[in-house]
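Have a look at upload-v8.pdb below; it lists PDB, C-alpha atoms.
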```
ATOM      1  CA  MET A1049      50.063  -7.777  30.361  1.00  0.00           C
ATOM      2  CA  GLY A1050      52.471 -10.636  30.019  1.00  0.00           C
ATOM      3  CA  ARG A1051      51.965 -13.168  27.272  1.00  0.00           C
ATOM      4  CA  ASN A1052      51.359 -15.987  29.767  1.00  0.00           C
ATOM      5  CA  MET A1053      48.438 -14.014  31.179  1.00  0.00           C
ATOM      6  CA  PHE A1054      47.000 -13.677  27.653  1.00  0.00           C
ATOM      7  CA  GLY A1055      47.096 -17.394  26.961  1.00  0.00           C
ATOM      8  CA  PRO A1056      48.789 -20.800  27.069  1.00  0.00           C
ATOM      9  CA  VAL A1057      50.446 -20.662  23.626  1.00  0.00           C
ATOM     10  CA  ARG A1058      54.270 -20.680  23.829  1.00  0.00           C
ATOM     11  CA  GLY A1059      56.813 -19.853  21.146  1.00  0.00           C
ATOM     12  CA  PRO A1060      55.776 -18.554  17.739  1.00  0.00           C
ATOM     13  CA  TRP A1061      52.032 -18.210  17.225  1.00  0.00           C
ATOM     14  CA  PRO A1062      50.948 -21.271  15.199  1.00  0.00           C
ATOM     15  CA  ASP A1063      47.870 -19.373  13.953  1.00  0.00           C
ATOM     16  CA  ASN A1064      45.512 -16.609  15.087  1.00  0.00           C
ATOM     17  CA  LYS A1065      42.888 -18.874  16.662  1.00  0.00           C
ATOM     18  CA  TRP A1066      43.712 -18.130  20.315  1.00  0.00           C
ATOM     19  CA  ARG A1067      41.933 -14.906  21.338  1.00  0.00           C
ATOM     20  CA  GLY A1068      42.411 -14.962  25.119  1.00  0.00           C
ATOM     21  CA  TRP A1069      40.802 -16.655  28.103  1.00  0.00           C
ATOM     22  CA  TRP A1070      37.774 -14.361  28.261  1.00  0.00           C
ATOM     23  CA  GLY A1071      35.515 -15.106  25.321  1.00  0.00           C
ATOM     24  CA  GLU A1072      34.424 -12.425  22.869  1.00  0.00           C
ATOM     25  CA  ASN A1073      33.931  -9.685  25.503  1.00  0.00           C
ATOM     26  CA  PRO A1074      37.040  -9.486  27.739  1.00  0.00           C
ATOM     27  CA  PRO A1075      36.707  -7.502  30.987  1.00  0.00           C
ATOM     28  CA  TYR A1076      39.200  -4.774  30.005  1.00  0.00           C
ATOM     29  CA  HIS A1077      37.238  -2.503  27.602  1.00  0.00           C
ATOM     30  CA  VAL A1078      40.442  -0.549  26.788  1.00  0.00           C
ATOM     31  CA  PRO A1079      43.555  -1.176  24.679  1.00  0.00           C
ATOM     32  CA  VAL A1080      45.696  -3.952  26.201  1.00  0.00           C
ATOM     33  CA  PHE A1081      49.395  -4.295  25.367  1.00  0.00           C
ATOM     34  CA  VAL A1082      50.653  -7.888  25.545  1.00  0.00           C
ATOM     35  CA  LEU A1083      54.405  -8.404  25.959  1.00  0.00           C
ATOM     36  CA  THR A1084      55.708 -11.122  23.636  1.00  0.00           C
ATOM     37  CA  ARG A1085      58.779 -12.081  21.625  1.00  0.00           C
ATOM     38  CA  HIS A1086      56.604 -13.144  18.683  1.00  0.00           C
ATOM     39  CA  ALA A1087      54.773 -10.601  16.529  1.00  0.00           C
ATOM     40  CA  ARG A1088      51.054 -10.913  15.931  1.00  0.00           C
ATOM     41  CA  GLU A1089      48.355  -8.680  14.463  1.00  0.00           C
ATOM     42  CA  SER A1090      46.169  -6.795  16.954  1.00  0.00           C
ATOM     43  CA  ILE A1091      42.854  -8.392  17.946  1.00  0.00           C
ATOM     44  CA  THR A1092      39.723  -6.250  18.302  1.00  0.00           C
ATOM     45  CA  MET A1093      37.153  -7.691  20.698  1.00  0.00           C
ATOM     46  CA  ALA A1094      33.687  -6.680  21.905  1.00  0.00           C
ATOM     47  CA  GLY A1095      33.390  -3.937  24.530  1.00  0.00           C
ATOM     48  CA  GLY A1096      36.317  -1.876  23.265  1.00  0.00           C
ATOM     49  CA  THR A1097      39.143  -4.266  24.156  1.00  0.00           C
ATOM     50  CA  VAL A1098      41.935  -4.349  21.575  1.00  0.00           C
ATOM     51  CA  PHE A1099      44.894  -6.641  22.252  1.00  0.00           C
ATOM     52  CA  HIS A1100      48.136  -5.231  20.806  1.00  0.00           C
ATOM     53  CA  PHE A1101      51.191  -7.503  20.795  1.00  0.00           C
ATOM     54  CA  VAL A1102      54.414  -5.703  21.708  1.00  0.00           C
ATOM     55  CA  THR A1103      57.790  -7.229  20.825  1.00  0.00           C
ATOM     56  CA  GLY A1104      59.971  -4.278  21.917  1.00  0.00           C
ATOM     57  CA  GLY A1105      59.944  -4.878  25.681  1.00  0.00           C
ATOM     58  CA  ILE A1106      58.452  -3.175  28.714  1.00  0.00           C
ATOM     59  CA  GLU A1107      59.504   0.370  27.784  1.00  0.00           C
ATOM     60  CA  GLU A1108      57.821   0.156  24.370  1.00  0.00           C
ATOM     61  CA  ALA A1109      54.668  -1.297  25.921  1.00  0.00           C
ATOM     62  CA  LEU A1110      54.613   1.507  28.511  1.00  0.00           C
ATOM     63  CA  ARG A1111      55.113   4.168  25.842  1.00  0.00           C
ATOM     64  CA  ARG A1112      52.289   2.793  23.725  1.00  0.00           C
ATOM     65  CA  ALA A1113      49.990   2.409  26.725  1.00  0.00           C
ATOM     66  CA  THR A1114      50.754   5.988  27.822  1.00  0.00           C
ATOM     67  CA  GLU A1115      49.886   7.287  24.361  1.00  0.00           C
ATOM     68  CA  ALA A1116      46.648   5.283  24.294  1.00  0.00           C
ATOM     69  CA  ALA A1117      45.625   6.321  27.833  1.00  0.00           C
ATOM     70  CA  GLY A1118      46.136  10.043  27.382  1.00  0.00           C
ATOM     71  CA  GLU A1119      45.387  11.559  30.822  1.00  0.00           C
ATOM     72  CA  LEU A1120      44.079   8.277  32.278  1.00  0.00           C
ATOM     73  CA  ASP A1121      46.008   5.887  34.517  1.00  0.00           C
ATOM     74  CA  ILE A1122      47.668   2.743  33.183  1.00  0.00           C
ATOM     75  CA  GLN A1123      47.238  -0.599  34.917  1.00  0.00           C
ATOM     76  CA  LEU A1124      49.668  -3.522  34.759  1.00  0.00           C
ATOM     77  CA  GLY A1125      47.882  -6.830  34.389  1.00  0.00           C
ATOM     78  CA  GLY A1126      50.699  -9.226  35.225  1.00  0.00           C
ATOM     79  CA  GLY A1127      51.669 -11.991  35.554  1.00  0.00           C
ATOM     80  CA  THR A1128      54.370 -12.071  38.125  1.00  0.00           C
ATOM     81  CA  SER A1129      57.332 -11.858  35.739  1.00  0.00           C
ATOM     82  CA  THR A1130      55.882  -8.793  34.018  1.00  0.00           C
ATOM     83  CA  ILE A1131      55.186  -6.962  37.292  1.00  0.00           C
ATOM     84  CA  ARG A1132      58.691  -7.795  38.555  1.00  0.00           C
ATOM     85  CA  GLN A1133      60.293  -6.327  35.396  1.00  0.00           C
ATOM     86  CA  TYR A1134      58.400  -3.054  35.793  1.00  0.00           C
ATOM     87  CA  LEU A1135      59.204  -2.823  39.527  1.00  0.00           C
ATOM     88  CA  GLN A1136      62.907  -3.482  38.964  1.00  0.00           C
ATOM     89  CA  ALA A1137      62.974  -0.776  36.279  1.00  0.00           C
ATOM     90  CA  ARG A1138      61.244   1.642  38.730  1.00  0.00           C
ATOM     91  CA  LEU A1139      58.394   2.130  36.234  1.00  0.00           C
ATOM     92  CA  VAL A1140      55.575   1.483  38.732  1.00  0.00           C
ATOM     93  CA  ASP A1141      54.314   4.644  40.443  1.00  0.00           C
ATOM     94  CA  GLU A1142      51.779   2.964  42.723  1.00  0.00           C
ATOM     95  CA  MET A1143      50.816  -0.653  43.291  1.00  0.00           C
ATOM     96  CA  HIS A1144      47.828  -2.105  45.146  1.00  0.00           C
ATOM     97  CA  VAL A1145      48.435  -5.624  46.443  1.00  0.00           C
ATOM     98  CA  ALA A1146      45.609  -7.669  47.976  1.00  0.00           C
ATOM     99  CA  ILE A1147      46.943 -10.420  50.247  1.00  0.00           C
ATOM    100  CA  ALA A1148      44.405 -13.146  51.013  1.00  0.00           C
ATOM    101  CA  PRO A1149      44.829 -15.617  53.887  1.00  0.00           C
ATOM    102  CA  ILE A1150      45.167 -18.624  51.590  1.00  0.00           C
ATOM    103  CA  LEU A1151      48.238 -20.849  51.264  1.00  0.00           C
ATOM    104  CA  LEU A1152      48.780 -21.747  47.602  1.00  0.00           C
ATOM    105  CA  GLY A1153      52.044 -23.677  47.735  1.00  0.00           C
ATOM    106  CA  SER A1154      54.542 -23.301  44.926  1.00  0.00           C
ATOM    107  CA  GLY A1155      54.617 -20.720  42.176  1.00  0.00           C
ATOM    108  CA  GLU A1156      56.338 -17.470  41.292  1.00  0.00           C
ATOM    109  CA  HIS A1157      57.058 -15.085  44.169  1.00  0.00           C
ATOM    110  CA  LEU A1158      56.235 -11.470  43.367  1.00  0.00           C
ATOM    111  CA  PHE A1159      58.908  -9.803  45.510  1.00  0.00           C
ATOM    112  CA  ASP A1160      61.555 -12.560  45.681  1.00  0.00           C
ATOM    113  CA  GLY A1161      65.021 -10.974  45.438  1.00  0.00           C
ATOM    114  CA  ILE A1162      63.649  -7.450  44.909  1.00  0.00           C
ATOM    115  CA  ASP A1163      64.786  -4.821  47.440  1.00  0.00           C
ATOM    116  CA  LEU A1164      61.809  -2.472  47.194  1.00  0.00           C
ATOM    117  CA  PRO A1165      63.172   0.157  49.647  1.00  0.00           C
ATOM    118  CA  ALA A1166      66.487   0.308  47.733  1.00  0.00           C
ATOM    119  CA  LEU A1167      64.485   0.889  44.530  1.00  0.00           C
ATOM    120  CA  GLY A1168      62.682   3.795  46.197  1.00  0.00           C
ATOM    121  CA  TYR A1169      59.383   2.115  47.099  1.00  0.00           C
ATOM    122  CA  ALA A1170      57.539   2.390  50.407  1.00  0.00           C
ATOM    123  CA  CYS A1171      54.287   1.084  51.878  1.00  0.00           C
ATOM    124  CA  THR A1172      52.015   4.110  51.971  1.00  0.00           C
ATOM    125  CA  ASP A1173      48.679   2.574  52.979  1.00  0.00           C
ATOM    126  CA  ARG A1174      47.233  -0.648  54.327  1.00  0.00           C
ATOM    127  CA  VAL A1175      43.730  -1.787  55.126  1.00  0.00           C
ATOM    128  CA  ALA A1176      42.755  -5.118  56.646  1.00  0.00           C
ATOM    129  CA  THR A1177      39.367  -6.585  55.739  1.00  0.00           C
ATOM    130  CA  ALA A1178      37.808  -9.963  56.452  1.00  0.00           C
ATOM    131  CA  GLY A1179      38.873 -11.301  53.054  1.00  0.00           C
ATOM    132  CA  ALA A1180      42.272  -9.683  52.497  1.00  0.00           C
ATOM    133  CA  THR A1181      44.850  -7.184  53.611  1.00  0.00           C
ATOM    134  CA  HIS A1182      45.244  -4.414  51.037  1.00  0.00           C
ATOM    135  CA  VAL A1183      48.677  -2.785  50.795  1.00  0.00           C
ATOM    136  CA  VAL A1184      49.598   0.222  48.659  1.00  0.00           C
ATOM    137  CA  ILE A1185      53.242   0.485  47.589  1.00  0.00           C
ATOM    138  CA  THR A1186      54.328   3.849  46.173  1.00  0.00           C
ATOM    139  CA  LYS A1187      57.484   5.000  44.425  1.00  0.00           C
ATOM    140  CA  ARG A1188      59.056   7.880  46.359  1.00  0.00           C
ATOM    141  CA  GLY A1189      60.474  10.994  44.758  1.00  0.00           C
TER
END
```

What is this structure when it is put down as structure tokens?
Amino acid sequence: MGRNMFGPVRGPWPDNKWRGWWGENPPYHVPVFVLTRHARESITMAGGTVFHFVTGGIEEALRRATEAAGELDIQLGGGTSTIRQYLQARLVDEMHVAIAPILLGSGEHLFDGIDLPALGYACTDRVATAGATHVVITKRG
């Protein structure tokens, strides 16, 4: 998870008061690795969520998440900048994107400037529902 997804605090942590958007029982219930440039002690929350703050970049966060997950899958929580870094490094094996028919205006564009086919990705499944079109993007080879 990117630091912006964890919270609104920018720069060095002024204190340890901010504990995420979710209250005392975040929805994750697993270890969560937050990418940041500023070190911070891990935060243990209700339901088994532990936020670990990783200052060594996406590869370190992936390594630590892989160790913590064992045989289980790892999920990227975003935001956009974080997902883009992992895609560009070809570290995403499979990605489920839900596209809703809502126009939001400005913001970060998930695939802007990324040539997914050149990176080895392909659309491998798609399902249209009343609320969204679901697309699965898979790394080939």

Which residues, written as a compact mmCIF listing (two decimals) with C-alpha atoms, in the frame of the given file, have at least one atom at most 10 Å from region 1075-1091 of chain A, with all atoms listed in the file counted and residues fewer than 3 positions away on the same chain left out?
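The resulting part23.txt:
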```
# COMPACT_ATOMS: atom_id res chain seq x y z
CA MET A 1049 50.06 -7.78 30.36
CA GLY A 1050 52.47 -10.64 30.02
CA ARG A 1051 51.96 -13.17 27.27
CA ASN A 1052 51.36 -15.99 29.77
CA MET A 1053 48.44 -14.01 31.18
CA PHE A 1054 47.00 -13.68 27.65
CA ARG A 1058 54.27 -20.68 23.83
CA GLY A 1059 56.81 -19.85 21.15
CA PRO A 1060 55.78 -18.55 17.74
CA TRP A 1061 52.03 -18.21 17.23
CA ASP A 1063 47.87 -19.37 13.95
CA ASN A 1064 45.51 -16.61 15.09
CA ARG A 1067 41.93 -14.91 21.34
CA GLY A 1068 42.41 -14.96 25.12
CA TRP A 1070 37.77 -14.36 28.26
CA GLY A 1071 35.52 -15.11 25.32
CA GLU A 1072 34.42 -12.42 22.87
CA ALA A 1094 33.69 -6.68 21.90
CA GLY A 1095 33.39 -3.94 24.53
CA GLY A 1096 36.32 -1.88 23.26
CA THR A 1097 39.14 -4.27 24.16
CA VAL A 1098 41.94 -4.35 21.58
CA PHE A 1099 44.89 -6.64 22.25
CA HIS A 1100 48.14 -5.23 20.81
CA PHE A 1101 51.19 -7.50 20.80
CA VAL A 1102 54.41 -5.70 21.71
CA THR A 1103 57.79 -7.23 20.82
CA GLY A 1104 59.97 -4.28 21.92
CA GLY A 1105 59.94 -4.88 25.68
CA ILE A 1106 58.45 -3.18 28.71
CA GLU A 1108 57.82 0.16 24.37
CA ALA A 1109 54.67 -1.30 25.92
CA LEU A 1110 54.61 1.51 28.51
CA ARG A 1112 52.29 2.79 23.72
CA ALA A 1113 49.99 2.41 26.72
CA ALA A 1116 46.65 5.28 24.29
CA ALA A 1117 45.62 6.32 27.83
CA ILE A 1122 47.67 2.74 33.18
CA GLN A 1123 47.24 -0.60 34.92
CA LEU A 1124 49.67 -3.52 34.76
CA GLY A 1125 47.88 -6.83 34.39
CA GLY A 1126 50.70 -9.23 35.22
CA THR A 1130 55.88 -8.79 34.02
```

Could you write out as JSON the box around region 1142-1159 of chain A (axis-aligned, all atoms listed in the file, 3 Å on each side), with centre and edge lengths in Å to one decimal?
```
{"center_x": 51.7, "center_y": -10.4, "center_z": 47.6, "size_x": 20.5, "size_y": 32.6, "size_z": 18.6}
```

Discussion item. Quick one: residues within 7 Å of Thr1128 (chain A), only C-alpha atoms, excluding same-chain residues fewer than 3 positions away - as JSON, numbers by chain?
Written reply: {"A": [1131, 1132, 1156, 1158]}

Item to complete: Excluding region 1135-1150 of chain A and any residue of its chain fewer than 5 positions from it, enumerate the residues within 10 Å of it, using only C-alpha atoms, and give them as a PyMOL selection string.
Response: chain A and resi 1106-1107+1110+1122-1124+1129-1130+1158-1159+1162-1164+1167-1189

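Going from CA of Met1093 (chain A) over to CA of Asn1073 (chain A), you cover 6.1 Å.
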
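Each of A:Gly1055, A:Pro1062, A:Pro1074, A:Gly1127 was compared to Thr1092 (chain A) using only C-alpha atoms, and A:Pro1074 turns out to be the nearest.
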
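CA of Trp1069 (chain A) is positioned 23.5 Å from CA of Tyr1134 (chain A).
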
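Across the model, the gap from CA of Pro1056 (chain A) to CA of Gly1155 (chain A) is 16.2 Å.
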